[in-house]
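One structure is given here, and the rest of the page talks about it.
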Amino acid sequence: MGVAAEKEKPKLIDEKGLRVDGRRPDELRPIDMEVGVLKNADGSALVKYGNTWVLAAVYGPREAVPKHMTLPDRAVLRCRYRMLSFSTHERKSPAPSRREIELSKVIREALEPAVLTELYPRTTIDIFIEVLNAHGGTRTAGVTAAALALADAGIPMRDLVAGVAVGKVDGIIVLDINENEDMYGEADMPVAAMPGLGRITLLQLNGVLTPEEFRVALKLALQGIKRIYDMQKEVLRHKYAVVEE
Amino acid sequence: MSVTPELPIIPKLKANAILNLLARGQRIDKRRLDEYREITIKTGYVPNAEGSAYVKLGNTQVLAGVKLEVGQPYADAPNEGVLIVNAEFIPAASPSFEPGPPDENAIELARIIDRSLREPRVIETNKLAIIPGKKVWIIWLDIYVLDHDGNLIDACMLASMTALMSTRIPAIDVNKETGEVTIKREETQGLLPISRLVTTVSVYKIGNYLVVDPNQEEEALSSARLSITVTEEGLIAGLQKAGLDHLTETEIEKAIELALNNAPKLITAIREAAKDIRAKEGINSEGG
């Protein structure tokens with residue numbers, strides 16, 4: 001987008017209507033999820049959307065330090081989204097960037113509607129999201145990973161939250177945009193939702209869309225989210241429900 | 001770390017009054033749910049700034065100013081000017097604002113305004129190279145919230161857009177041998193080139209109702225917000241959901257409709273406010 005416009009813009013959709021990595025417009029990248037990947041954390045997950053790899057860890061509900069940061073009627077969510085210094089092409093300074101500060105807030109607010117914080121007053125639930133490798137869609141993969149980590153920690157939730165970014169590239173609305181599509185495309189729209197309840201918890205748009213394109217993009221995002229949500233449930237079922245037989 | 005904020009305390013009686021009125025399609029200050037408060041915009045408010053605007057939206061007051069400096073372009077855009085947006089919620093503006101570096105709310109606001117200007121290419125930065133690849137104009141857009149009575153994003157966007165519309169580029173001297181650029185701020189070489197106007201309409205969810213332009217009490221009662229950037233052509237040029245609660249697809253549809261309906265009035269207000277300065281510089285206020 002904007003900044004990259006000066007560079008030669010590659011063709012993002014070929015003659016067959018396929019994308020730079022060979023996907024159809026409504027196709028997700030290969031997605032891989034694993035829960036319980038860390039020993040010390042109460043809950044953890046590693047989520048991969050293609051070459052975007054995100055690790056999430058959850059600690060809590062636990063006693064807050066300092067104590068004055070707690071709330072009398074519910075748990076406080078604390079969320080940090082961060083990119084490892086070598087997760088990007090150019091080294092990312094480990095100091096928190098304005099982007100990371102904003103995304104920590106946006107991701108926290110994507111998870112808040114799901115967590116039953118009222119069950120744990122005066123405690124904190126800490127969510128750490130580390131981007132291991134960035135290739136587009138890190139915040140939405142982060143939300144998907146964090147929701148799995150919360151579930152893995154046994155924290156009661158109204159529903160799981162899953163996220164995906166849709167975009168407009170060469171005039172076409174596409175699902176799960178990668179880094180090249182984000183950089184050279186016309187719009188990037190990250191969305192997260194609780195599909196079981198039809199609730200949208202994260203919505204951003206970076207770019208320009210007509211109102212009609214927006215409607216199409218939101219529908220496509222919700223379809224993609226539903227598929228990711230089914231994978232989340234499958235992964236959790238695999239870890240926790242299989243032994244019951 | 002981003003931490004769940006403590007919710008502002010609203011007296012129960014007041015909260016009930018607000019909610020009961022909303023159920024009847026009314027607001028505590030007699031507005032409709034889709035109605036903005038009175039907007040006052042004073043253009044060229046700060047004489048030393050290259051462009052500035054003071055905005056009063058109800059009792060919310062904000063000030064945006066533009067300073068231009070000569071600097072280096074980004075490597076991936078060697079012939080384009082650079083826009084840098086900052087916002088500060090000064091401690092004078094609210095008992096809940098503290099001195100110190102901008103918090104996540106101020107950073108989020110600045111980044112929403114930055115994206116809303118950048119993505120639809122509001123400023124024609126390609127016309128702002130001085131020595132291609134070496135020297136370009138750096139546009140510092142700084143926003144200060146002076147008094148917080150709700151809906152800061154929309155007030156700050158109105159001030160930012162008007163300040164940019166009224167920004168004069170100072171004259172310069174370029175030393176042919178050394179390539180050194182001297183700014184002569186007492187003279188002007190014309191207005192900052194603007195391609196299109198944008199505004200934001202922030203829709204707030206209070207209970208099950210959607211309202212625009214809440215005052216501070218209504219905002220404190222709201223559970224979620226969707227800020228929608230709209231261009232003068234009626235395109236959507238940015239979205240940002242915030243708040244502890246969710247939005248349904250239907251609520252988002254309604255919010256977009258509220259934004260598309262309200263944006264023309266706000267854009268007219270910006271155009272009107274910048275009209276005199278743009279006329280004086282010999283450019284009509286319609287376009288760039």
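Identifiers in the structure tokens: chain A, B, ... in order shown; residue index from 1 per chain; ligand index from 1 in order shown.
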
Any idea which chain A residues end up within 7 Å of chain B if we count only C-alpha atoms, as a ChimeraX atom specification please? /A:2-4,6-7,71,76-80,98,101-102,104-106,108-109,112-113,198-211

Picked from range 82-140 of chain A by DSSP as strand (DSSP E or B), as JSON, numbers by chain: {"A": [82, 83, 115, 123, 124, 125, 126, 127, 128, 129, 130, 131, 132, 133]}

Long-range neighbours of His89 in chain A as a ChimeraX atom specification, 12 Å cut-off, only C-alpha atoms, 5 positions minimum in chain: /A:83-84,133-135,179

Got a sec: who's within 10 Å of Ile131 in chain B, counting only C-alpha atoms, leaving out chain neighbours fewer than 5 positions off, as a short mmCIF file (atom, residue, chain, number, x, y, z; two decimals) with all heavy atoms, in the first residue's frame?
data_model
loop_
_atom_site.label_atom_id
_atom_site.label_comp_id
_atom_site.auth_asym_id
_atom_site.auth_seq_id
_atom_site.Cartn_x
_atom_site.Cartn_y
_atom_site.Cartn_z
N GLN B 72 14.98 13.77 5.16
CA GLN B 72 15.26 12.70 4.20
C GLN B 72 14.02 11.86 3.94
O GLN B 72 13.25 11.58 4.86
CB GLN B 72 16.35 11.79 4.76
CG GLN B 72 17.73 12.39 4.61
CD GLN B 72 18.81 11.37 4.88
OE1 GLN B 72 18.54 10.31 5.45
NE2 GLN B 72 20.03 11.69 4.49
N PRO B 73 13.82 11.43 2.69
CA PRO B 73 12.69 10.55 2.40
C PRO B 73 12.97 9.14 2.89
O PRO B 73 14.11 8.80 3.20
CB PRO B 73 12.61 10.58 0.87
CG PRO B 73 14.01 10.84 0.43
CD PRO B 73 14.64 11.72 1.49
N PRO B 78 11.52 7.39 -2.34
CA PRO B 78 12.53 8.45 -2.35
C PRO B 78 12.02 9.80 -2.84
O PRO B 78 12.66 10.83 -2.59
CB PRO B 78 13.62 7.92 -3.28
CG PRO B 78 12.95 6.87 -4.11
CD PRO B 78 11.87 6.29 -3.26
N ASN B 79 10.87 9.81 -3.55
CA ASN B 79 10.38 11.07 -4.10
C ASN B 79 9.11 11.55 -3.44
O ASN B 79 8.33 12.28 -4.03
CB ASN B 79 10.17 10.93 -5.62
CG ASN B 79 11.44 10.51 -6.31
OD1 ASN B 79 12.52 10.99 -5.97
ND2 ASN B 79 11.33 9.59 -7.25
N VAL B 136 13.09 16.01 1.13
CA VAL B 136 11.64 16.11 0.94
C VAL B 136 11.03 16.87 2.12
O VAL B 136 11.70 17.08 3.15
CB VAL B 136 10.97 14.71 0.84
CG1 VAL B 136 11.50 13.93 -0.36
CG2 VAL B 136 11.16 13.92 2.14
N TRP B 137 9.78 17.28 1.98
CA TRP B 137 9.09 17.90 3.11
C TRP B 137 8.66 16.82 4.10
O TRP B 137 8.11 15.79 3.71
CB TRP B 137 7.84 18.67 2.63
CG TRP B 137 8.16 19.98 1.97
CD1 TRP B 137 8.00 20.29 0.65
CD2 TRP B 137 8.66 21.15 2.61
NE1 TRP B 137 8.39 21.58 0.42
CE2 TRP B 137 8.80 22.15 1.61
CE3 TRP B 137 9.03 21.48 3.92
CZ2 TRP B 137 9.28 23.43 1.87
CZ3 TRP B 137 9.50 22.76 4.18
CH2 TRP B 137 9.63 23.72 3.17
N VAL B 174 17.43 26.82 -2.23
CA VAL B 174 18.28 25.63 -2.35
C VAL B 174 19.65 26.08 -2.84
O VAL B 174 19.77 26.71 -3.90
CB VAL B 174 17.68 24.61 -3.34
CG1 VAL B 174 18.55 23.36 -3.41
CG2 VAL B 174 16.27 24.25 -2.94
N GLY B 179 23.62 21.76 -1.97
CA GLY B 179 22.34 21.06 -1.84
C GLY B 179 21.64 21.39 -0.53
O GLY B 179 20.65 20.75 -0.17
N GLU B 180 22.14 22.38 0.16
CA GLU B 180 21.53 22.74 1.45
C GLU B 180 20.23 23.52 1.23
O GLU B 180 20.15 24.36 0.34
CB GLU B 180 22.52 23.60 2.24
CG GLU B 180 22.36 23.46 3.74
CD GLU B 180 23.51 24.16 4.47
OE1 GLU B 180 24.68 23.84 4.21
OE2 GLU B 180 23.18 25.02 5.27
N VAL B 181 19.23 23.21 2.02
CA VAL B 181 17.93 23.86 1.86
C VAL B 181 17.66 24.78 3.06
O VAL B 181 17.77 24.35 4.20
CB VAL B 181 16.79 22.82 1.74
CG1 VAL B 181 15.44 23.50 1.57
CG2 VAL B 181 17.05 21.86 0.58
#

Need to verify the contact set: Ile28 in chain B, 12 Å, only C-alpha atoms, exclusion of same-chain residues closer than 4 positions in sequence. Can you return it as a PyMOL selection string? chain B and resi 14-24+32-33+214-218

Preceding selection exported with N, CA and C atoms as a tab-separated table (two decimals), in the first residue's frame:
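In the end it all went to out33.tsv:
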chain	number	residue	atom	x	y	z
B	14	LYS	N	-28.05	8.51	36.67
B	14	LYS	CA	-27.69	9.11	35.39
B	14	LYS	C	-27.67	8.04	34.28
B	15	ALA	N	-27.05	6.90	34.62
B	15	ALA	CA	-26.95	5.81	33.64
B	15	ALA	C	-28.35	5.35	33.21
B	16	ASN	N	-29.24	5.19	34.19
B	16	ASN	CA	-30.61	4.77	33.87
B	16	ASN	C	-31.32	5.81	33.02
B	17	ALA	N	-31.09	7.08	33.34
B	17	ALA	CA	-31.74	8.15	32.59
B	17	ALA	C	-31.28	8.09	31.12
B	18	ILE	N	-29.96	7.91	30.92
B	18	ILE	CA	-29.42	7.86	29.55
B	18	ILE	C	-30.03	6.67	28.80
B	19	LEU	N	-30.03	5.50	29.45
B	19	LEU	CA	-30.53	4.29	28.78
B	19	LEU	C	-32.04	4.36	28.50
B	20	ASN	N	-32.80	4.90	29.46
B	20	ASN	CA	-34.25	5.01	29.26
B	20	ASN	C	-34.57	5.94	28.10
B	21	LEU	N	-33.81	7.03	28.00
B	21	LEU	CA	-34.04	7.96	26.90
B	21	LEU	C	-33.68	7.32	25.56
B	22	LEU	N	-32.55	6.58	25.53
B	22	LEU	CA	-32.13	5.92	24.29
B	22	LEU	C	-33.22	4.97	23.80
B	23	ALA	N	-33.88	4.29	24.74
B	23	ALA	CA	-34.95	3.35	24.39
B	23	ALA	C	-36.08	4.08	23.66
B	24	ARG	N	-36.20	5.38	23.94
B	24	ARG	CA	-37.25	6.17	23.27
B	24	ARG	C	-36.68	6.98	22.10
B	32	ARG	N	-30.91	13.66	18.58
B	32	ARG	CA	-31.28	12.34	18.08
B	32	ARG	C	-30.05	11.44	18.22
B	33	LEU	N	-30.26	10.11	18.07
B	33	LEU	CA	-29.15	9.17	18.22
B	33	LEU	C	-28.08	9.37	17.14
B	214	PRO	N	-20.92	10.78	21.13
B	214	PRO	CA	-21.35	10.79	22.54
B	214	PRO	C	-20.61	11.86	23.33
B	215	ASN	N	-21.28	12.38	24.36
B	215	ASN	CA	-20.53	13.20	25.30
B	215	ASN	C	-19.82	12.26	26.27
B	216	GLN	N	-19.07	12.82	27.20
B	216	GLN	CA	-18.21	11.99	28.05
B	216	GLN	C	-19.01	10.96	28.87
B	217	GLU	N	-20.20	11.37	29.36
B	217	GLU	CA	-21.01	10.43	30.15
B	217	GLU	C	-21.54	9.29	29.30
B	218	GLU	N	-22.00	9.62	28.10
B	218	GLU	CA	-22.49	8.57	27.20
B	218	GLU	C	-21.34	7.64	26.82

I want to know what sits within 8 Å of Ile90 in chain B, based on only C-alpha atoms, with residues of the same chain fewer than 6 positions away left out; could you give that as an MDAnalysis selection string? chainID B and resid 97:99 144:146

Residues from the last selection, N, CA, C and O atoms, saved as a PDB file, in the first residue's frame:
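Written file, result18.pdb:
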ATOM      1  N   PHE B  97      -6.410  11.927  32.593  1.00  0.00           N
ATOM      2  CA  PHE B  97      -5.184  11.984  31.796  1.00  0.00           C
ATOM      3  C   PHE B  97      -4.006  12.355  32.691  1.00  0.00           C
ATOM      4  O   PHE B  97      -4.107  13.268  33.496  1.00  0.00           O
ATOM      5  N   GLU B  98      -2.907  11.618  32.487  1.00  0.00           N
ATOM      6  CA  GLU B  98      -1.728  11.888  33.295  1.00  0.00           C
ATOM      7  C   GLU B  98      -0.565  12.364  32.439  1.00  0.00           C
ATOM      8  O   GLU B  98      -0.486  12.018  31.259  1.00  0.00           O
ATOM      9  N   PRO B  99       0.337  13.158  33.034  1.00  0.00           N
ATOM     10  CA  PRO B  99       1.503  13.585  32.258  1.00  0.00           C
ATOM     11  C   PRO B  99       2.349  12.370  31.879  1.00  0.00           C
ATOM     12  O   PRO B  99       2.270  11.333  32.540  1.00  0.00           O
ATOM     13  N   TYR B 144      -3.419  17.923  19.901  1.00  0.00           N
ATOM     14  CA  TYR B 144      -3.520  18.025  21.355  1.00  0.00           C
ATOM     15  C   TYR B 144      -4.984  18.068  21.768  1.00  0.00           C
ATOM     16  O   TYR B 144      -5.747  18.888  21.253  1.00  0.00           O
ATOM     17  N   VAL B 145      -5.362  17.183  22.684  1.00  0.00           N
ATOM     18  CA  VAL B 145      -6.710  17.224  23.248  1.00  0.00           C
ATOM     19  C   VAL B 145      -6.672  18.203  24.417  1.00  0.00           C
ATOM     20  O   VAL B 145      -5.883  18.041  25.346  1.00  0.00           O
ATOM     21  N   LEU B 146      -7.506  19.242  24.356  1.00  0.00           N
ATOM     22  CA  LEU B 146      -7.488  20.289  25.384  1.00  0.00           C
ATOM     23  C   LEU B 146      -8.548  20.066  26.452  1.00  0.00           C
ATOM     24  O   LEU B 146      -8.370  20.420  27.609  1.00  0.00           O
TER      25      LEU B 146
END

What is the CA of Thr188 in chain B-CA of Thr167 in chain B distance in Å, reported with one decimal?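 So the two atoms, CA of Thr188 in chain B and CA of Thr167 in chain B, lie 10.0 Å apart.
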
So that I can see what lies close to Lys39 in chain A, please list as a list in words the residues with an atom at most 12 Å from it, counting only C-alpha atoms and leaving out residues fewer than 3 positions away in the same chain.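 Residues meeting the cut-off are Val35, Gly36, Asp42, Gly43, Ser44, Ala45, Ala57, Val58, Tyr59, Asp152 and Ala153 of chain A.
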
Enumerate, as a CSV table (one decimal) with all heavy atoms, in the first residue's frame, the complete set of residues in range 84-195 of chain A that a backbone-based DSSP assignment places in alpha helix (DSSP H).
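Contents of selection_1.csv, freshly written:
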chain,number,residue,atom,x,y,z
A,98,ARG,N,5.1,1.8,18.3
A,98,ARG,CA,3.8,2.3,18.4
A,98,ARG,C,2.8,1.2,17.9
A,98,ARG,O,1.7,1.1,18.4
A,98,ARG,CB,3.7,3.6,17.7
A,98,ARG,CG,4.3,4.7,18.5
A,98,ARG,CD,4.6,5.9,17.6
A,98,ARG,NE,3.4,6.5,17.0
A,98,ARG,CZ,2.7,7.5,17.6
A,98,ARG,NH1,3.2,8.0,18.7
A,98,ARG,NH2,1.7,8.0,17.0
A,99,ARG,N,3.2,0.6,16.8
A,99,ARG,CA,2.4,-0.5,16.2
A,99,ARG,C,2.1,-1.6,17.2
A,99,ARG,O,0.9,-2.0,17.4
A,99,ARG,CB,3.0,-1.0,15.0
A,99,ARG,CG,2.3,-2.2,14.3
A,99,ARG,CD,3.0,-2.7,13.1
A,99,ARG,NE,2.3,-3.8,12.5
A,99,ARG,CZ,2.5,-5.1,13.0
A,99,ARG,NH1,3.4,-5.3,14.0
A,99,ARG,NH2,1.9,-6.1,12.5
A,100,GLU,N,3.1,-2.0,17.9
A,100,GLU,CA,2.9,-3.1,18.9
A,100,GLU,C,2.0,-2.7,20.1
A,100,GLU,O,1.2,-3.5,20.6
A,100,GLU,CB,4.3,-3.6,19.4
A,100,GLU,CG,5.0,-4.4,18.4
A,100,GLU,CD,6.5,-4.7,18.8
A,100,GLU,OE1,7.2,-3.8,19.3
A,100,GLU,OE2,7.0,-5.8,18.6
A,101,ILE,N,2.2,-1.4,20.5
A,101,ILE,CA,1.3,-0.9,21.6
A,101,ILE,C,-0.1,-0.9,21.1
A,101,ILE,O,-1.0,-1.3,21.9
A,101,ILE,CB,1.8,0.5,22.0
A,101,ILE,CG1,3.2,0.4,22.7
A,101,ILE,CG2,0.8,1.2,22.9
A,101,ILE,CD1,3.9,1.7,22.9
A,102,GLU,N,-0.4,-0.4,19.9
A,102,GLU,CA,-1.7,-0.4,19.4
A,102,GLU,C,-2.3,-1.8,19.3
A,102,GLU,O,-3.4,-2.1,19.7
A,102,GLU,CB,-1.8,0.3,18.0
A,102,GLU,CG,-3.3,0.4,17.6
A,102,GLU,CD,-3.4,0.6,16.1
A,102,GLU,OE1,-2.4,1.0,15.4
A,102,GLU,OE2,-4.5,0.4,15.5
A,103,LEU,N,-1.5,-2.7,18.7
A,103,LEU,CA,-2.0,-4.1,18.5
A,103,LEU,C,-2.2,-4.8,19.8
A,103,LEU,O,-3.1,-5.6,19.9
A,103,LEU,CB,-1.0,-4.8,17.5
A,103,LEU,CG,-1.0,-4.3,16.1
A,103,LEU,CD1,-0.3,-5.3,15.2
A,103,LEU,CD2,-2.4,-4.1,15.6
A,104,SER,N,-1.4,-4.6,20.8
A,104,SER,CA,-1.7,-5.2,22.1
A,104,SER,C,-3.1,-4.8,22.6
A,104,SER,O,-3.8,-5.6,23.1
A,104,SER,CB,-0.6,-4.7,23.1
A,104,SER,OG,0.7,-5.1,22.7
A,105,LYS,N,-3.4,-3.5,22.4
A,105,LYS,CA,-4.8,-3.1,22.8
A,105,LYS,C,-5.9,-3.7,21.9
A,105,LYS,O,-6.9,-4.2,22.4
A,105,LYS,CB,-4.8,-1.6,22.6
A,105,LYS,CG,-6.2,-1.0,22.9
A,105,LYS,CD,-6.2,0.6,22.8
A,105,LYS,CE,-7.5,1.2,23.3
A,105,LYS,NZ,-8.6,1.1,22.4
A,106,VAL,N,-5.6,-3.7,20.6
A,106,VAL,CA,-6.6,-4.3,19.7
A,106,VAL,C,-6.9,-5.8,19.9
A,106,VAL,O,-8.0,-6.2,19.9
A,106,VAL,CB,-6.2,-4.0,18.2
A,106,VAL,CG1,-7.0,-4.8,17.2
A,106,VAL,CG2,-6.3,-2.5,17.9
A,107,ILE,N,-5.8,-6.5,20.2
A,107,ILE,CA,-5.9,-7.9,20.5
A,107,ILE,C,-6.6,-8.2,21.8
A,107,ILE,O,-7.5,-9.0,22.0
A,107,ILE,CB,-4.5,-8.6,20.4
A,107,ILE,CG1,-4.0,-8.6,19.0
A,107,ILE,CG2,-4.6,-10.1,20.9
A,107,ILE,CD1,-2.6,-9.0,18.8
A,108,ARG,N,-6.2,-7.4,22.8
A,108,ARG,CA,-6.9,-7.5,24.1
A,108,ARG,C,-8.4,-7.3,24.0
A,108,ARG,O,-9.2,-8.1,24.5
A,108,ARG,CB,-6.3,-6.5,25.2
A,108,ARG,CG,-7.0,-6.5,26.5
A,108,ARG,CD,-6.5,-5.6,27.5
A,108,ARG,NE,-6.5,-4.2,27.1
A,108,ARG,CZ,-7.5,-3.4,27.1
A,108,ARG,NH1,-8.7,-3.9,27.3
A,108,ARG,NH2,-7.4,-2.1,26.7
A,109,GLU,N,-8.7,-6.3,23.2
A,109,GLU,CA,-10.2,-6.0,23.0
A,109,GLU,C,-10.9,-7.0,22.1
A,109,GLU,O,-12.1,-7.1,22.2
A,109,GLU,CB,-10.3,-4.6,22.5
A,109,GLU,CG,-9.9,-3.5,23.5
A,109,GLU,CD,-10.0,-2.1,23.0
A,109,GLU,OE1,-9.7,-1.9,21.8
A,109,GLU,OE2,-10.2,-1.2,23.8
A,110,ALA,N,-10.1,-7.8,21.4
A,110,ALA,CA,-10.7,-8.9,20.6
A,110,ALA,C,-11.0,-10.1,21.5
A,110,ALA,O,-11.9,-10.9,21.2
A,110,ALA,CB,-9.7,-9.3,19.5
A,111,LEU,N,-10.2,-10.2,22.6
A,111,LEU,CA,-10.4,-11.3,23.6
A,111,LEU,C,-11.3,-11.0,24.7
A,111,LEU,O,-12.0,-11.9,25.3
A,111,LEU,CB,-9.0,-11.8,24.1
A,111,LEU,CG,-8.0,-12.2,23.0
A,111,LEU,CD1,-6.6,-12.3,23.6
A,111,LEU,CD2,-8.5,-13.6,22.4
A,138,THR,N,-0.2,-11.3,11.2
A,138,THR,CA,0.3,-11.7,12.5
A,138,THR,C,-0.7,-11.4,13.7
A,138,THR,O,-0.8,-12.2,14.6
A,138,THR,CB,1.6,-11.1,12.9
A,138,THR,OG1,1.4,-9.6,12.9
A,138,THR,CG2,2.7,-11.5,11.9
A,139,ARG,N,-1.5,-10.3,13.6
A,139,ARG,CA,-2.4,-10.0,14.7
A,139,ARG,C,-3.5,-11.0,14.8
A,139,ARG,O,-3.9,-11.4,15.8
A,139,ARG,CB,-2.9,-8.6,14.6
A,139,ARG,CG,-4.1,-8.3,13.7
A,139,ARG,CD,-4.2,-6.9,13.4
A,139,ARG,NE,-3.1,-6.4,12.6
A,139,ARG,CZ,-3.0,-5.1,12.2
A,139,ARG,NH1,-3.9,-4.2,12.5
A,139,ARG,NH2,-2.0,-4.8,11.4
A,140,THR,N,-4.0,-11.4,13.6
A,140,THR,CA,-5.2,-12.3,13.6
A,140,THR,C,-4.7,-13.7,14.0
A,140,THR,O,-5.4,-14.4,14.7
A,140,THR,CB,-5.9,-12.3,12.2
A,140,THR,OG1,-4.9,-12.4,11.2
A,140,THR,CG2,-6.7,-11.1,12.1
A,141,ALA,N,-3.5,-14.1,13.5
A,141,ALA,CA,-3.0,-15.4,14.0
A,141,ALA,C,-2.7,-15.4,15.5
A,141,ALA,O,-2.9,-16.4,16.2
A,141,ALA,CB,-1.7,-15.8,13.2
A,142,GLY,N,-2.4,-14.2,16.0
A,142,GLY,CA,-2.1,-14.0,17.4
A,142,GLY,C,-3.4,-14.2,18.2
A,142,GLY,O,-3.4,-14.8,19.3
A,143,VAL,N,-4.5,-13.6,17.7
A,143,VAL,CA,-5.8,-13.8,18.4
A,143,VAL,C,-6.2,-15.3,18.4
A,143,VAL,O,-6.6,-15.8,19.5
A,143,VAL,CB,-6.9,-13.0,17.7
A,143,VAL,CG1,-8.3,-13.3,18.2
A,143,VAL,CG2,-6.7,-11.5,17.8
A,144,THR,N,-6.0,-16.0,17.3
A,144,THR,CA,-6.4,-17.4,17.2
A,144,THR,C,-5.5,-18.2,18.2
A,144,THR,O,-6.1,-19.0,19.0
A,144,THR,CB,-6.1,-17.9,15.8
A,144,THR,OG1,-6.9,-17.2,14.9
A,144,THR,CG2,-6.5,-19.4,15.7
A,145,ALA,N,-4.2,-17.9,18.3
A,145,ALA,CA,-3.3,-18.5,19.2
A,145,ALA,C,-3.7,-18.2,20.7
A,145,ALA,O,-3.7,-19.1,21.5
A,145,ALA,CB,-1.9,-18.2,18.9
A,146,ALA,N,-4.0,-17.0,20.9
A,146,ALA,CA,-4.3,-16.5,22.3
A,146,ALA,C,-5.6,-17.2,22.8
A,146,ALA,O,-5.6,-17.6,24.0
A,146,ALA,CB,-4.4,-15.0,22.4
A,147,ALA,N,-6.6,-17.3,21.9
A,147,ALA,CA,-7.8,-18.0,22.3
A,147,ALA,C,-7.6,-19.4,22.7
A,147,ALA,O,-8.1,-20.0,23.7
A,147,ALA,CB,-8.9,-17.8,21.2
A,148,LEU,N,-6.7,-20.1,21.9
A,148,LEU,CA,-6.4,-21.5,22.2
A,148,LEU,C,-5.6,-21.6,23.5
A,148,LEU,O,-5.9,-22.5,24.3
A,148,LEU,CB,-5.5,-22.1,21.0
A,148,LEU,CG,-6.2,-22.5,19.8
A,148,LEU,CD1,-5.2,-22.9,18.7
A,148,LEU,CD2,-7.1,-23.7,20.1
A,149,ALA,N,-4.7,-20.7,23.7
A,149,ALA,CA,-3.9,-20.7,25.0
A,149,ALA,C,-4.8,-20.5,26.2
A,149,ALA,O,-4.6,-21.1,27.2
A,149,ALA,CB,-2.8,-19.6,24.9
A,150,LEU,N,-5.8,-19.6,26.0
A,150,LEU,CA,-6.8,-19.3,27.1
A,150,LEU,C,-7.6,-20.6,27.4
A,150,LEU,O,-7.8,-21.0,28.6
A,150,LEU,CB,-7.7,-18.2,26.8
A,150,LEU,CG,-7.2,-16.8,26.8
A,150,LEU,CD1,-8.0,-15.8,26.1
A,150,LEU,CD2,-7.0,-16.3,28.3
A,151,ALA,N,-8.0,-21.3,26.4
A,151,ALA,CA,-8.7,-22.5,26.5
A,151,ALA,C,-7.8,-23.6,27.2
A,151,ALA,O,-8.3,-24.3,28.1
A,151,ALA,CB,-9.3,-23.0,25.2
A,152,ASP,N,-6.6,-23.7,26.7
A,152,ASP,CA,-5.6,-24.6,27.2
A,152,ASP,C,-5.4,-24.4,28.7
A,152,ASP,O,-5.1,-25.3,29.5
A,152,ASP,CB,-4.3,-24.5,26.4
A,152,ASP,CG,-3.3,-25.6,26.8
A,152,ASP,OD1,-3.7,-26.8,27.0
A,152,ASP,OD2,-2.1,-25.3,26.9
A,179,GLU,N,2.1,-11.5,3.2
A,179,GLU,CA,2.8,-10.2,3.3
A,179,GLU,C,2.9,-9.4,2.0
A,179,GLU,O,2.7,-8.2,2.0
A,179,GLU,CB,4.3,-10.6,3.8
A,179,GLU,CG,5.1,-9.3,4.1
A,179,GLU,CD,6.4,-9.7,4.7
A,179,GLU,OE1,7.1,-10.6,4.2
A,179,GLU,OE2,6.8,-9.1,5.7
A,180,ASN,N,3.1,-10.1,0.9
A,180,ASN,CA,3.2,-9.4,-0.4
A,180,ASN,C,1.8,-8.8,-0.7
A,180,ASN,O,1.8,-7.7,-1.3
A,180,ASN,CB,3.5,-10.4,-1.5
A,180,ASN,CG,4.9,-11.0,-1.2
A,180,ASN,OD1,5.8,-10.4,-0.7
A,180,ASN,ND2,5.0,-12.3,-1.6
A,181,GLU,N,0.7,-9.5,-0.4
A,181,GLU,CA,-0.6,-9.0,-0.7
A,181,GLU,C,-0.9,-7.8,0.2
A,181,GLU,O,-1.5,-6.8,-0.2
A,181,GLU,CB,-1.6,-10.1,-0.6
A,181,GLU,CG,-1.5,-11.2,-1.6
A,181,GLU,CD,-2.4,-12.4,-1.3
A,181,GLU,OE1,-2.6,-12.7,-0.2
A,181,GLU,OE2,-2.8,-13.0,-2.3
A,182,ASP,N,-0.4,-7.8,1.4
A,182,ASP,CA,-0.6,-6.7,2.3
A,182,ASP,C,0.2,-5.5,1.8
A,182,ASP,O,-0.3,-4.4,1.8
A,182,ASP,CB,-0.1,-7.1,3.7
A,182,ASP,CG,-0.3,-6.0,4.7
A,182,ASP,OD1,-1.0,-5.0,4.4
A,182,ASP,OD2,0.2,-6.2,5.9
A,183,MET,N,1.4,-5.7,1.4
A,183,MET,CA,2.3,-4.6,1.0
A,183,MET,C,1.9,-4.0,-0.3
A,183,MET,O,1.9,-2.8,-0.4
A,183,MET,CB,3.7,-5.2,0.9
A,183,MET,CG,4.8,-4.1,0.9
A,183,MET,SD,6.4,-4.8,0.6
A,183,MET,CE,6.6,-6.0,2.0
A,184,TYR,N,1.5,-4.8,-1.3
A,184,TYR,CA,1.2,-4.2,-2.6
A,184,TYR,C,-0.3,-4.1,-2.9
A,184,TYR,O,-0.7,-3.6,-3.9
A,184,TYR,CB,1.9,-5.0,-3.7
A,184,TYR,CG,3.4,-5.0,-3.5
A,184,TYR,CD1,4.1,-6.1,-3.1
A,184,TYR,CD2,4.1,-3.8,-3.9
A,184,TYR,CE1,5.5,-6.0,-2.9
A,184,TYR,CE2,5.5,-3.8,-3.8
A,184,TYR,CZ,6.1,-4.9,-3.3
A,184,TYR,OH,7.5,-4.8,-3.2

Rounded to one decimal in Å, what is the spacing between CA of Pro94 in chain A and CA of Leu55 in chain A?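 Those two atoms sit 16.5 Å apart.
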